Each structure stands twice: as C-alpha cells, then as structure tokens.
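> I am sharing final.cif, which consists of mmCIF, C-alpha atoms:
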```
data_start
#
loop_
_atom_site.label_atom_id
_atom_site.label_comp_id
_atom_site.auth_asym_id
_atom_site.auth_seq_id
_atom_site.Cartn_x
_atom_site.Cartn_y
_atom_site.Cartn_z
CA MET A 101 9.17 -26.10 -10.88
CA ASN A 102 10.83 -29.37 -11.66
CA ARG A 103 13.83 -30.33 -9.58
CA ILE A 104 16.21 -33.17 -10.15
CA HIS A 105 18.35 -34.19 -7.20
CA LEU A 106 21.28 -36.28 -8.29
CA ASN A 107 24.66 -36.11 -6.65
CA LEU A 108 27.18 -36.78 -9.39
CA LYS A 109 30.22 -36.38 -7.15
CA GLN A 110 29.40 -39.59 -5.28
CA PRO A 111 29.74 -42.68 -7.48
CA LEU A 112 26.35 -44.29 -7.88
CA ILE A 113 26.22 -48.05 -7.59
CA ILE A 114 23.74 -49.38 -10.06
CA PRO A 115 21.02 -50.90 -7.97
CA ASN A 116 18.51 -53.62 -8.52
CA LEU A 117 16.87 -53.05 -11.89
CA SER A 118 13.52 -54.35 -10.72
CA LEU A 119 12.80 -51.16 -8.79
CA PRO A 120 11.03 -48.27 -10.55
CA PRO A 121 13.65 -45.92 -12.08
CA ARG A 122 12.62 -42.77 -10.20
CA ILE A 123 13.22 -44.47 -6.84
CA LYS A 124 16.29 -46.46 -7.92
CA TYR A 125 18.35 -43.48 -9.03
CA GLY A 126 17.06 -40.95 -6.52
CA VAL A 127 15.47 -38.84 -9.20
CA ASN A 128 12.59 -36.60 -8.25
CA SER A 129 11.34 -34.72 -11.25
CA GLY A 130 8.74 -32.89 -9.20
CA GLY A 131 5.83 -34.50 -10.96
CA SER A 132 6.41 -33.34 -14.54
CA PRO A 133 5.60 -36.31 -16.84
CA VAL A 134 7.97 -35.09 -19.57
CA VAL A 135 10.94 -34.80 -17.25
CA SER A 136 10.03 -38.09 -15.52
CA ARG A 137 9.95 -39.92 -18.81
CA ALA A 138 13.24 -38.35 -19.94
CA CYS A 139 15.02 -39.25 -16.71
CA GLY A 140 13.46 -42.68 -16.63
CA PHE A 141 14.61 -43.45 -20.16
CA LEU A 142 18.09 -42.15 -19.49
CA LEU A 143 18.63 -44.08 -16.34
CA GLU A 144 17.15 -47.28 -17.70
CA PHE A 145 19.30 -47.05 -20.84
CA ILE A 146 22.65 -46.38 -19.16
CA PRO A 147 22.86 -49.50 -16.95
CA MET A 148 22.32 -51.77 -19.96
CA LYS A 149 25.31 -50.24 -21.70
CA ILE A 150 27.58 -50.14 -18.69
CA GLY A 151 26.95 -53.60 -17.39
CA ALA A 152 26.44 -54.90 -13.87
CA GLY A 153 28.88 -54.01 -11.09
CA MET A 154 30.28 -50.88 -12.75
CA THR A 155 29.83 -47.53 -11.12
CA PHE A 156 28.01 -44.73 -12.80
CA LEU A 157 31.01 -42.40 -13.19
CA GLU A 158 33.36 -45.04 -14.49
CA GLY A 159 31.18 -45.98 -17.44
CA PRO A 160 32.09 -45.22 -21.07
CA LEU A 161 29.03 -43.04 -21.51
CA LYS A 162 30.08 -40.66 -18.74
CA LYS A 163 30.57 -37.65 -21.04
CA VAL A 164 27.36 -38.33 -22.90
CA VAL A 165 25.44 -38.56 -19.63
CA TYR A 166 26.92 -35.29 -18.40
CA LEU A 167 26.02 -33.64 -21.69
CA ILE A 168 22.45 -34.88 -21.51
CA PHE A 169 22.10 -33.66 -17.95
CA ILE A 170 23.45 -30.25 -18.94
CA LEU A 171 20.91 -30.13 -21.75
CA ILE A 172 18.08 -31.08 -19.38
CA PHE A 173 19.06 -28.44 -16.83
CA GLY A 174 19.49 -25.90 -19.61
CA PHE A 175 16.05 -26.73 -20.89
CA LEU A 176 14.52 -26.35 -17.41
CA GLY A 177 16.35 -23.05 -16.88
CA ALA A 178 15.11 -21.70 -20.18
CA ARG A 179 11.56 -22.50 -19.15
CA CYS A 180 11.96 -20.30 -16.04
CA ALA A 181 13.41 -17.33 -17.92
CA THR A 182 11.29 -14.21 -18.22
CA PRO A 183 9.74 -13.81 -21.66
CA LYS A 184 11.23 -10.97 -23.66
CA GLU A 185 8.02 -8.98 -23.79
CA GLU A 186 7.97 -8.73 -19.96
CA LEU A 187 11.43 -7.18 -19.82
CA LYS A 188 10.34 -3.57 -20.01
CA THR A 189 12.64 -1.39 -17.98
CA VAL A 190 12.71 2.35 -17.69
CA PRO A 191 16.22 3.75 -18.12
CA LYS A 192 17.31 5.62 -15.01
CA ASP A 193 18.35 8.70 -16.97
CA GLN A 194 14.98 8.99 -18.70
CA VAL A 195 13.60 12.51 -18.34
CA HIS A 196 9.89 12.44 -17.53
CA SER A 197 8.07 15.16 -19.42
CA LEU A 198 5.93 17.82 -17.79
CA LYS A 199 2.92 16.27 -19.47
CA GLU A 200 3.65 13.00 -17.71
CA ILE A 201 4.60 14.35 -14.28
CA ASN A 202 3.39 17.72 -13.10
CA LEU A 203 2.09 19.46 -10.00
CA GLU A 204 -1.56 19.40 -11.09
CA LYS A 205 -1.41 15.65 -11.58
CA VAL A 206 0.12 15.17 -8.13
CA PHE A 207 -2.59 17.35 -6.58
CA GLY A 208 -5.28 15.37 -8.41
CA GLU A 209 -3.98 12.06 -7.14
CA ASN A 210 -4.07 13.17 -3.53
CA ARG A 211 -7.34 15.05 -3.28
CA GLY A 212 -10.22 13.58 -1.34
CA LEU A 213 -10.24 12.45 2.24
CA LYS A 214 -8.61 15.24 4.24
CA VAL A 215 -5.48 14.13 6.08
CA LEU A 216 -5.00 15.86 9.40
CA GLU A 217 -1.73 15.76 11.30
CA GLU A 218 -3.59 14.34 14.32
CA ASN A 219 -4.96 11.40 12.31
CA ALA A 220 -1.96 10.55 10.12
CA THR A 221 -0.35 7.22 10.90
CA THR A 222 0.93 5.65 7.68
CA VAL A 223 3.64 6.92 5.31
CA HIS A 224 0.98 7.24 2.64
CA ASP A 225 -1.09 9.43 5.00
CA TYR A 226 1.86 11.75 5.46
CA TYR A 227 2.51 11.93 1.73
CA ARG A 228 -1.14 12.76 0.99
CA GLY A 229 -1.16 15.25 3.84
CA GLY A 230 1.99 16.90 2.47
CA VAL A 231 0.46 17.26 -0.98
CA GLN A 232 -2.86 18.54 0.38
CA GLU A 233 -1.13 21.18 2.52
CA LYS A 234 0.98 22.21 -0.47
CA GLU A 235 -2.12 22.69 -2.63
CA GLU A 236 -3.71 24.85 0.05
CA GLY A 237 -0.50 26.85 0.50
CA GLU A 238 -0.20 27.53 -3.22
CA ARG A 239 -3.84 28.62 -3.40
CA LEU A 240 -3.27 31.12 -0.59
CA MET A 241 -0.10 32.38 -2.30
CA LYS A 242 -2.11 33.27 -5.38
CA GLU A 243 -4.32 35.37 -3.12
CA SER A 244 -1.21 37.01 -1.63
CA ARG A 245 -2.07 35.72 1.84
CA TRP A 246 1.58 35.22 2.65
CA GLU A 247 1.40 34.34 6.34
CA GLU A 248 -1.25 31.66 5.84
CA ALA A 249 0.55 30.34 2.76
CA ARG A 250 3.77 30.09 4.75
CA ARG A 251 2.05 28.03 7.44
CA HIS A 252 0.65 25.54 4.94
CA LEU A 253 3.84 25.21 2.91
CA GLU A 254 5.91 24.69 6.04
CA LYS A 255 3.39 22.13 7.28
CA SER A 256 3.61 20.39 3.91
CA ASN A 257 7.37 20.15 4.35
CA ARG A 258 6.90 18.72 7.86
CA PHE A 259 4.63 15.99 6.48
CA LEU A 260 7.00 15.19 3.62
CA ARG A 261 10.03 14.97 5.90
CA VAL A 262 8.22 12.24 7.85
CA VAL A 263 7.76 10.37 4.56
CA LEU A 264 11.48 10.66 3.84
CA LYS A 265 12.35 9.03 7.15
CA TYR A 266 10.88 5.81 5.75
CA LEU A 267 11.06 6.14 1.96
CA ARG A 268 14.02 8.20 0.88
CA GLU A 269 13.85 7.87 -2.88
CA ASP A 270 11.55 9.60 -5.33
CA GLU A 271 9.70 7.37 -7.77
CA ALA A 272 8.00 8.40 -10.98
CA ASN A 273 5.50 5.58 -10.60
CA ARG A 274 4.99 3.97 -7.23
CA ASN A 275 2.68 1.00 -6.96
CA ILE A 276 0.78 1.46 -3.73
CA HIS A 277 -2.12 -0.95 -3.77
CA GLY A 278 -3.21 -3.56 -6.28
CA ASN A 279 -3.04 -1.91 -9.68
CA LEU A 280 -2.89 1.60 -8.26
CA VAL A 281 0.14 3.62 -9.21
CA VAL A 282 0.94 7.14 -8.00
CA ILE A 283 3.58 9.76 -8.64
CA PHE A 284 5.76 9.70 -5.54
CA LEU A 285 8.20 12.60 -5.34
CA PRO A 286 8.63 13.73 -1.72
CA ASN A 287 12.09 15.23 -2.31
CA LEU A 288 10.96 17.18 -5.33
CA LEU A 289 7.84 18.43 -3.56
CA ILE A 290 9.94 19.80 -0.68
CA ALA A 291 12.25 21.49 -3.19
CA ASP A 292 9.22 23.01 -4.93
CA ASN A 293 7.78 24.12 -1.57
CA ASP A 294 11.10 25.76 -0.72
CA LEU A 295 11.13 27.63 -4.02
CA LYS A 296 7.63 28.92 -3.27
CA LEU A 297 8.67 29.71 0.30
CA VAL A 298 11.51 31.88 -1.04
CA ALA A 299 8.85 34.08 -2.66
CA VAL A 300 6.70 34.02 0.47
CA TYR A 301 9.58 34.99 2.80
CA LYS A 302 10.64 37.74 0.40
CA ASN A 303 7.18 39.22 0.60
CA MET A 304 7.35 38.91 4.37
CA ARG A 305 10.82 40.56 4.29
CA ASN A 306 12.46 37.69 6.14
CA ASP A 307 15.91 37.51 4.48
CA ASN A 308 17.32 34.86 6.79
CA LYS A 309 14.52 32.50 5.94
CA VAL A 310 14.96 33.23 2.22
CA ALA A 311 18.56 32.01 2.36
CA GLU A 312 17.57 28.98 4.43
CA ALA A 313 14.80 27.96 2.02
CA LYS A 314 17.15 28.32 -0.98
CA ALA A 315 19.84 26.17 0.58
CA GLU A 316 17.41 23.49 1.72
CA GLY A 317 15.52 23.45 -1.56
CA LYS A 318 18.68 22.85 -3.57
CA LEU A 319 19.63 19.92 -1.36
CA TYR A 320 16.26 18.22 -1.78
CA LEU A 321 16.30 18.92 -5.51
CA ALA A 322 19.68 17.21 -5.81
CA GLU A 323 18.34 14.28 -3.80
CA SER A 324 15.34 13.96 -6.11
CA LEU A 325 17.50 14.06 -9.23
CA LYS A 326 19.51 11.13 -7.93
CA SER A 327 16.51 8.84 -8.41
CA VAL A 328 14.17 10.45 -10.95
CA ARG A 329 14.77 12.97 -13.73
CA THR A 330 11.84 15.20 -14.62
CA GLU A 331 11.29 18.37 -16.62
CA TRP A 332 9.54 19.66 -13.53
CA ALA A 333 12.82 19.32 -11.57
CA ASP A 334 14.60 21.23 -14.35
CA GLN A 335 12.06 24.02 -13.95
CA ILE A 336 12.65 24.15 -10.18
CA LYS A 337 16.41 24.18 -10.78
CA LYS A 338 15.99 27.13 -13.10
CA GLY A 339 13.80 28.79 -10.47
CA PHE A 340 16.58 28.53 -7.89
CA GLU A 341 19.17 29.77 -10.39
CA ASP A 342 17.01 32.82 -11.13
CA GLU A 343 16.98 33.52 -7.41
CA LEU A 344 20.77 33.85 -7.36
CA PRO A 345 22.06 37.42 -7.13
CA LYS A 346 22.78 38.79 -10.63
CA LYS A 347 26.41 39.73 -11.36
CA MET B 99 -5.71 16.06 55.92
CA ARG B 100 -2.46 14.37 54.92
CA ARG B 101 -4.22 11.01 54.87
CA LEU B 102 -6.65 12.31 52.30
CA LEU B 103 -4.00 13.77 50.05
CA MET B 104 -2.61 10.48 48.78
CA PRO B 105 -5.91 8.89 47.68
CA VAL B 106 -6.95 12.14 46.00
CA PHE B 107 -3.60 12.29 44.21
CA PHE B 108 -3.95 8.70 42.96
CA PHE B 109 -7.53 9.33 41.89
CA ILE B 110 -6.44 12.33 39.82
CA ILE B 111 -3.64 10.30 38.25
CA PHE B 112 -6.15 7.53 37.48
CA LEU B 113 -8.54 10.00 35.85
CA LEU B 114 -5.77 11.50 33.76
CA GLY B 115 -4.40 8.12 32.74
CA SER B 116 -7.61 6.37 31.80
CA ALA B 117 -8.81 6.82 28.24
CA PRO B 118 -12.33 8.10 27.58
CA PRO B 119 -14.82 5.22 27.14
CA ALA B 120 -15.12 5.65 23.35
CA VAL B 121 -11.37 5.57 22.81
CA ALA B 122 -11.08 2.44 24.95
CA GLN B 123 -13.86 0.73 22.99
CA PHE B 124 -12.08 1.44 19.73
CA SER B 125 -8.64 0.36 20.89
CA GLU B 126 -9.94 -2.84 22.48
CA ALA B 127 -11.59 -3.75 19.20
CA GLY B 128 -8.33 -3.06 17.35
CA VAL B 129 -9.72 -0.03 15.53
CA GLN B 130 -7.71 3.17 15.13
CA LYS B 131 -9.99 5.96 16.34
CA LEU B 132 -9.39 9.18 14.44
CA ARG B 133 -8.54 11.99 16.82
CA VAL B 134 -10.51 14.37 14.66
CA ALA B 135 -13.49 12.98 12.74
CA VAL B 136 -13.39 13.98 9.08
CA ASP B 137 -16.10 14.08 6.44
CA ALA B 138 -16.35 10.86 4.48
CA PRO B 139 -16.07 11.79 0.79
CA ASP B 140 -19.35 11.06 -0.95
CA PHE B 141 -19.59 8.60 -3.84
CA THR B 142 -22.12 6.75 -5.92
CA LEU B 143 -21.10 3.32 -7.14
CA LYS B 144 -22.79 0.39 -8.80
CA GLU B 145 -23.38 -2.64 -6.62
CA LEU B 146 -22.43 -6.03 -8.05
CA GLY B 147 -25.51 -7.28 -9.86
CA GLY B 148 -27.66 -4.51 -8.48
CA GLU B 149 -28.51 -0.84 -8.12
CA LYS B 150 -26.30 2.16 -7.56
CA ILE B 151 -25.52 2.97 -3.94
CA SER B 152 -24.79 6.49 -2.77
CA LEU B 153 -23.05 7.15 0.53
CA LYS B 154 -25.10 10.30 1.04
CA GLU B 155 -28.32 8.29 0.99
CA LEU B 156 -27.05 6.17 3.87
CA ARG B 157 -26.69 9.19 6.18
CA GLY B 158 -28.09 8.35 9.62
CA LYS B 159 -26.64 4.83 9.60
CA ILE B 160 -23.39 3.42 10.90
CA ILE B 161 -21.33 2.31 7.91
CA LEU B 162 -18.40 -0.03 7.69
CA LEU B 163 -16.71 0.53 4.33
CA ASN B 164 -14.33 -2.32 3.60
CA PHE B 165 -11.81 -1.97 0.75
CA PHE B 166 -10.55 -5.31 -0.53
CA ALA B 167 -8.95 -7.05 -3.50
CA THR B 168 -9.87 -10.52 -4.73
CA LEU B 169 -6.26 -11.68 -4.83
CA CYS B 170 -5.37 -10.39 -1.37
CA PRO B 171 -5.03 -13.33 1.07
CA ASN B 172 -5.71 -11.21 4.17
CA CYS B 173 -8.94 -9.97 2.62
CA ARG B 174 -9.97 -13.55 1.94
CA ARG B 175 -9.28 -14.56 5.52
CA GLU B 176 -11.37 -11.77 7.04
CA SER B 177 -14.26 -12.01 4.56
CA PRO B 178 -16.17 -14.86 6.29
CA SER B 179 -16.27 -13.00 9.62
CA PHE B 180 -17.34 -9.81 7.80
CA ALA B 181 -20.17 -11.78 6.20
CA LYS B 182 -21.16 -13.20 9.60
CA LEU B 183 -21.25 -9.72 11.10
CA HIS B 184 -23.50 -8.63 8.24
CA GLU B 185 -25.90 -11.48 8.99
CA GLU B 186 -25.93 -10.78 12.73
CA PHE B 187 -26.63 -7.06 12.41
CA LYS B 188 -28.93 -7.31 9.39
CA ASN B 189 -31.89 -5.70 11.09
CA THR B 190 -30.05 -2.79 12.67
CA ASP B 191 -28.72 0.56 11.49
CA LEU B 192 -25.39 -1.01 10.65
CA VAL B 193 -24.57 -1.06 6.94
CA LEU B 194 -21.67 -3.14 5.72
CA LEU B 195 -20.25 -2.31 2.31
CA LYS B 196 -17.40 -3.98 0.52
CA LEU B 197 -15.57 -2.07 -2.19
CA VAL B 198 -13.25 -3.41 -4.84
CA ALA B 199 -11.26 -1.43 -7.41
CA LYS B 200 -10.17 -2.19 -10.97
CA GLU B 201 -11.19 -5.84 -11.03
CA LYS B 202 -13.06 -7.98 -13.53
CA GLU B 203 -16.70 -8.64 -12.71
CA LYS B 204 -16.31 -12.39 -13.20
CA ASP B 205 -13.51 -12.47 -10.59
CA ILE B 206 -15.67 -10.57 -8.11
CA ILE B 207 -18.63 -12.91 -8.70
CA LYS B 208 -16.35 -15.90 -8.12
CA TYR B 209 -14.98 -14.32 -4.92
CA LYS B 210 -18.49 -13.57 -3.66
CA LYS B 211 -19.62 -17.14 -4.31
CA GLU B 212 -16.53 -18.77 -2.82
CA LEU B 213 -16.67 -16.78 0.41
CA ASN B 214 -20.44 -16.64 0.67
CA ILE B 215 -20.56 -12.85 0.92
CA SER B 216 -24.01 -11.42 1.49
CA SER B 217 -23.15 -7.74 1.99
CA PRO B 218 -23.25 -5.45 -1.07
CA ILE B 219 -20.05 -5.29 -3.12
CA LEU B 220 -19.43 -1.93 -4.77
CA ILE B 221 -17.39 -1.79 -7.95
CA ASP B 222 -14.93 1.07 -8.25
CA ASP B 223 -14.01 0.61 -11.91
CA ASN B 224 -11.45 3.39 -12.27
CA ALA B 225 -10.34 3.33 -8.60
CA SER B 226 -11.46 6.93 -8.13
CA VAL B 227 -13.13 6.24 -4.77
CA THR B 228 -10.17 4.14 -3.63
CA ASN B 229 -7.86 7.05 -4.47
CA THR B 230 -10.16 9.57 -2.83
CA TYR B 231 -10.06 7.60 0.40
CA GLY B 232 -6.28 7.29 0.12
CA VAL B 233 -6.36 3.52 0.37
CA SER B 234 -2.81 2.28 0.10
CA SER B 235 -3.23 -1.30 1.30
CA SER B 236 -5.93 -3.89 1.54
CA PRO B 237 -7.92 -4.80 3.48
CA GLN B 238 -8.74 -1.38 4.87
CA THR B 239 -11.99 -0.51 6.61
CA PHE B 240 -13.47 2.86 7.50
CA PHE B 241 -16.00 3.41 10.27
CA ILE B 242 -18.47 6.13 9.28
CA ASN B 243 -20.86 7.52 11.88
CA ARG B 244 -24.45 8.65 11.49
CA GLU B 245 -23.34 12.18 10.56
CA GLY B 246 -21.30 10.89 7.63
CA LYS B 247 -17.96 11.41 9.34
CA ILE B 248 -15.10 8.94 9.43
CA ILE B 249 -14.44 8.14 13.07
CA GLY B 250 -12.12 5.18 12.80
CA ARG B 251 -10.28 2.86 10.49
CA VAL B 252 -8.65 -0.54 10.41
CA LEU B 253 -5.57 -1.12 8.30
CA LYS B 254 -5.33 -4.87 8.74
CA GLU B 255 -7.24 -8.12 8.60
CA MET B 256 -9.79 -8.38 11.44
CA ASP B 257 -11.96 -10.89 13.18
CA TRP B 258 -15.20 -8.99 12.72
CA THR B 259 -17.12 -11.28 15.04
CA SER B 260 -14.88 -10.85 18.08
CA LYS B 261 -16.59 -9.80 21.31
CA ASN B 262 -14.74 -6.48 21.39
CA MET B 263 -15.75 -5.67 17.83
CA LYS B 264 -19.38 -6.47 18.53
CA ASP B 265 -19.24 -4.36 21.70
CA LEU B 266 -17.88 -1.44 19.71
CA ILE B 267 -20.59 -1.77 17.08
CA GLU B 268 -23.29 -1.98 19.77
CA TYR B 269 -21.78 1.12 21.34
CA LEU B 270 -21.86 3.01 18.03
CA LEU B 271 -25.42 1.89 17.32
CA LYS B 272 -26.53 3.22 20.70
CA GLU B 273 -25.24 6.69 19.83
CA LYS B 274 -28.04 9.20 19.27
CA LYS B 275 -29.32 9.74 15.78
#
```
Write the structure described by the file as structure tokens, please.

Amino acid sequence: MNRIHLNLKQPLIIPNLSLPPRIKYGVNSGGSPVVSRACGFLLEFIPMKIGAGMTFLEGPLKKVVYLIFILIFGFLGARCATPKEELKTVPKDQVHSLKEINLEKVFGENRGLKVLEENATTVHDYYRGGVQEKEEGERLMKESRWEEARRHLEKSNRFLRVVLKYLREDEANRNIHGNLVVIFLPNLLIADNDLKLVAVYKNMRNDNKVAEAKAEGKLYLAESLKSVRTEWADQIKKGFEDELPKK
Amino acid sequence: MRRLLMPVFFFIIFLLGSAPPAVAQFSEAGVQKLRVAVDAPDFTLKELGGEKISLKELRGKIILLNFFATLCPNCRRESPSFAKLHEEFKNTDLVLLKLVAKEKEKDIIKYKKELNISSPILIDDNASVTNTYGVSSSPQTFFINREGKIIGRVLKEMDWTSKNMKDLIEYLLKEKK
C-alpha cells in the first residue's frame, strides 16, 4: 500500500530545490510510480508559486494544496476498498432450510476415522466424536435398544459440551481447513440429543430424567437460535412443544 | 527389613511413574501417541503425475500420511525435512505420502518443484479423504502401523530429520511384521 507521510501541522520550510523532491519534502510514496510522480509534480510546482522564504502553510495555494491532498488520500482509500462483488453477507435472521442443513448431512460430514474419547485432543475431534456417538445412538434407538442408545446419546452430549467450552456459537458454515467448510451446530445437536433422550428415558420409565432432558434441551435450543436459524431447530422446538402436557 | 522398605518403595514409584518405552519414544519425537489405535480409513487416490495409490495395498509397511496445503507456510517449512526423511529411508519399509485437497494441479507441481519433494503427492480432489480423516488444520501427519492402524499423529510443523524422530521411526520399523 502506498503511504504518504507529511505533517501538515508543522510549517514546512521550503528547502534547497536542488534536492530530489521525494527527499526534500519528506514524501515516501511507498514505491508507486504514479503516486511518486503526482507528489513530485505537486511539490515542485508549489514552491515556484509561493516564492523563496515563505512557509508552506502561509502560501496562497494552501487551500488548493489541501484539496489536492484530500483527493490523493481519497483516491488511495478507494483503491483499498473491497469490491462490491466480494461483499456477500448472510443476514443473521436467514432461516437455513432443511435441505441445506439437516442431520443426515451432519452425519455425512463427520463419518470416517473413529474418534474415541481416549484419543480426542482437539475441539474438532470432540465435535466429530459427538456427531459419531449421536449417529450410533440414533441407530440403536431405531432398534429399540434403549439402554445402549442412552449411553451413546449421553456420551455425544459429553463430547459436545467440551466443544462448547471453546466455541460457544453455532455456525451454519464453519471454515475449518483450507477450503473445507462444515456445518457446526454443537448447541443444536445437544438439543436434538435431549429430544431423543426424552423418548429414551420415557421408554426406560425414568421420569426425572425426562424432565431434566426437556429443560436442558430447551436451553441449548435457545442458545443455538441466538446464532443460527434453521428449519431443523424449528422442528426440534415443535418436538419439545409436543412433549408438553396437553391441557 | 526397614532398610529395604524405602528402596523398594522408590522403585515401585519409579516403575509407576515412568512411561512405557513406546510412549516415551513418541513423546520425545513430539508425536501424539493414540491411546487406542484405530483403523486407518482406506482410500485410493491418484498420485501427482502417476498411478493410483491404495492404502490397503501398503499394508505391512509403516506409513506417514502428511496432509498439507500449498499456501500453508508451516507446511512449506517442514516439507524439506520430510523430503530428506524420504530420501534417508528410501530402501526401508517406511512409506511417506503427502496428501493435498482441493488444489489446482499446476499449483501442486510448482510446490513440488520449489521444495524438491520426492515422496508421492496424492490428490484429494473433493477433499473426501481429508474429511474422512477429520483433518481440521495443516500440516497434519498420521502414523499408520503395519496392521493399517493409526498409532499416532502430529498436528504441527515438524523437523522430520531430528534425532528423536529418526529414533522413533527406527523403533517402528523394528516392530514385527
């Protein structure tokens, strides 16, 4: 970037004209030939008009000089501005559709190398581990193996809570490495686990745990909705509402 | 009897406190040893300017699988020592593989030339292998044993020619087939 260092508060005494302009007037354009030429011309031109012995700020061209400097800085600033096409922002209240963000997609992104609690060290390990345990828990639920499902879903929550110690906010698209982007919703996944756990505990006739899971799930759901809005979250919300005692 | 008690006590403490040799080898080399070895997910990828390489076919060898990115400065810094290690252990059971995801072939060729890399570079076009291995930062290197299990990993830039690293590799190569 080009930088011009010129202190206009201090009156500049016009120095010996035989010196090169960039040194004489303390101008360092940072190597840009266009800016160098512009500054050089400006500072060579002004002394001729002002006359020897006069200070820079007392000259009749003071306003013109200021204006030109403003234009130069404006021009440099405009060059640094982000082009319009790069300014793509996602509105915070945008609701991500189920097609875009769903459980199957999250499972797909985290399959592969098995993450064990003993081996996990990074936040990403814990997130992957949480998702992998959730997938296993949900599979066991479908087979009505409630006790085993409970263990996996609770373990999934343990993993995800570790993630939340370091990264509290859900993100629809989290860039993790190079061009790799993943769905990162630890709060929502805990809420979803809790909703599933409500069903598991009911089948295990553990009423205390049912109430606990409901209360916790709602908290995590609210936390998730603070950062990302998804149709999936709306579904979970409805799931919790359906669990409320009917009047 | 009392005299004997103290030395025995200290000896037991020493035994409890000292790590098993393998763990010590790993930690001295700066490698995180996995407490439980896990199966390395299989893959078949095209090598830069060459044939397809399958992990399964390399069973029986010690593999160092290094995930990198051409624009990552840490990867650049460690690449020369990785290349040196490859040269030094060329005629052993050690296989060094570099893996890059979602990058243009011309950039990879340039990188290979610039850093004089002689080990195979695998191209993971759609990042499926990178995702499968859960790679979230680069460089990242997995140590895979002869049985095809991941036994350790490194999540940072390394000096692959350090004495401790070479000792660890020698140790792994000595393990029975």
> I'd like to see the residues matched by the PyMOL selection byres ((chain A and resi 328-340) around 10) on this file, and ideally I'd get them as JSON, numbers by chain.
{"A": [192, 193, 194, 195, 196, 197, 198, 199, 200, 201, 202, 203, 269, 270, 271, 272, 273, 285, 288, 289, 291, 292, 293, 294, 295, 296, 298, 314, 315, 317, 318, 321, 322, 323, 324, 325, 326, 327, 341, 342, 343, 344]}
> For a quick check of understanding, using only C-alpha atoms, which of B:Lys144, B:Leu270, B:Glu186, B:Tyr209 has the smallest distance to Ile249 (chain B)?
B:Leu270
> Please provide the set of residues having any atom within 10 Å of Val134 (chain B), restricted to only C-alpha atoms, with same-chain residues fewer than 2 positions apart removed, written as a count of residues only.
13
> Could you expand the PyMOL selection byres ((chain B and resi 232-234) around 8) into the explicit residues it covers here, written as a list in words?
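Taken on the displayed file, the PyMOL selection byres ((chain B and resi 232-234) around 8) yields the residues Asn210, Gly212, Leu213, His224, Asp225, Arg228, Ile276 and His277 of chain A; Phe165, Thr228, Asn229, Thr230, Tyr231, Ser235, Ser236 and Gln238 of chain B.
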> So which residues get picked by the PyMOL selection byres ((chain B and resi 179) around 9) here, written as an MDAnalysis selection string?
chainID B and resid 175:178 180:184 256:260
> Would you mind reading off the distance between CA of Val223 (chain A) and CA of Phe207 (chain A), one decimal, in Å?
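Distance between the two atoms: 17.0 Å.
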> Please identify all polymer residues within 9 Å of Val206 (chain A), counting all atoms listed in the file, omitting same-chain residues fewer than 5 positions from it, and present them as a ChimeraX atom specification.
/A:201,211,231,282-285
> Just give me the gap between CA of Gln123 (chain B) and CA of Met104 (chain B) in Å, one decimal is fine.
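These two atoms are separated by 29.8 Å.
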> Just the number, please: distance in Å from CA of Arg251 (chain B) to CA of Val129 (chain B), one decimal.
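About the pair CA of Arg251 (chain B) and CA of Val129 (chain B): they are 5.8 Å apart.
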> What's the 10 Å shell around Asn224 (chain B), counting only C-alpha atoms, without same-chain residues fewer than 6 positions away, as a ChimeraX atom specification?
/A:280 /B:199-201
> I'd like the contact shell of Glu245 (chain B) - 10 Å cut-off, only C-alpha atoms, skipping same-chain residues fewer than 5 positions apart - returned as a list in words.
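Near Glu245 (chain B), the qualifying residues are Asp137, Ala138, Lys154, Leu156, Arg157, Gly158, Lys159, Ile160 and Lys275 of chain B.
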> For a quick check of understanding, using all atoms listed in the file, which of B:Ala122, B:Ile151, B:Ile215, B:Cys170 has the smallest distance to Glu255 (chain B)?
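Among the listed residues, B:Cys170 lies closest to Glu255 (chain B).
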> Let me make sure I understand: among B:Leu143, B:Ala225, B:Val193, B:Val121, which one has the smallest atom-to-atom distance to chain A if we use all atoms listed in the file?
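With all atoms listed in the file as the atom set, the closest residue is B:Ala225.
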> Pick out the closest residue to chain A from this set: B:Val227, B:Ala127, B:Met263, B:Ile207. Count all atoms listed in the file.
B:Val227
> For Glu149 (chain B), list every protein, DNA or RNA residue within 12 Å, evaluated using all atoms listed in the file, and leave out those in the same chain fewer than 2 positions away; present the list as a PyMOL selection string.
chain B and resi 142-147+151-152+218-221
> Output C-alpha atoms of each residue in that selection to a file, as a CSV table (one decimal), in the coordinates of the input.

```
chain,number,residue,atom,x,y,z
B,142,THR,CA,-22.1,6.8,-5.9
B,143,LEU,CA,-21.1,3.3,-7.1
B,144,LYS,CA,-22.8,0.4,-8.8
B,145,GLU,CA,-23.4,-2.6,-6.6
B,146,LEU,CA,-22.4,-6.0,-8.0
B,147,GLY,CA,-25.5,-7.3,-9.9
B,151,ILE,CA,-25.5,3.0,-3.9
B,152,SER,CA,-24.8,6.5,-2.8
B,218,PRO,CA,-23.2,-5.4,-1.1
B,219,ILE,CA,-20.0,-5.3,-3.1
B,220,LEU,CA,-19.4,-1.9,-4.8
B,221,ILE,CA,-17.4,-1.8,-8.0
```
> Measuring atom to atom with all atoms listed in the file, identify which of B:Asn164, B:Ser125, B:Gln130, B:Asn262 is nearest to Ser217 (chain B).
B:Asn164
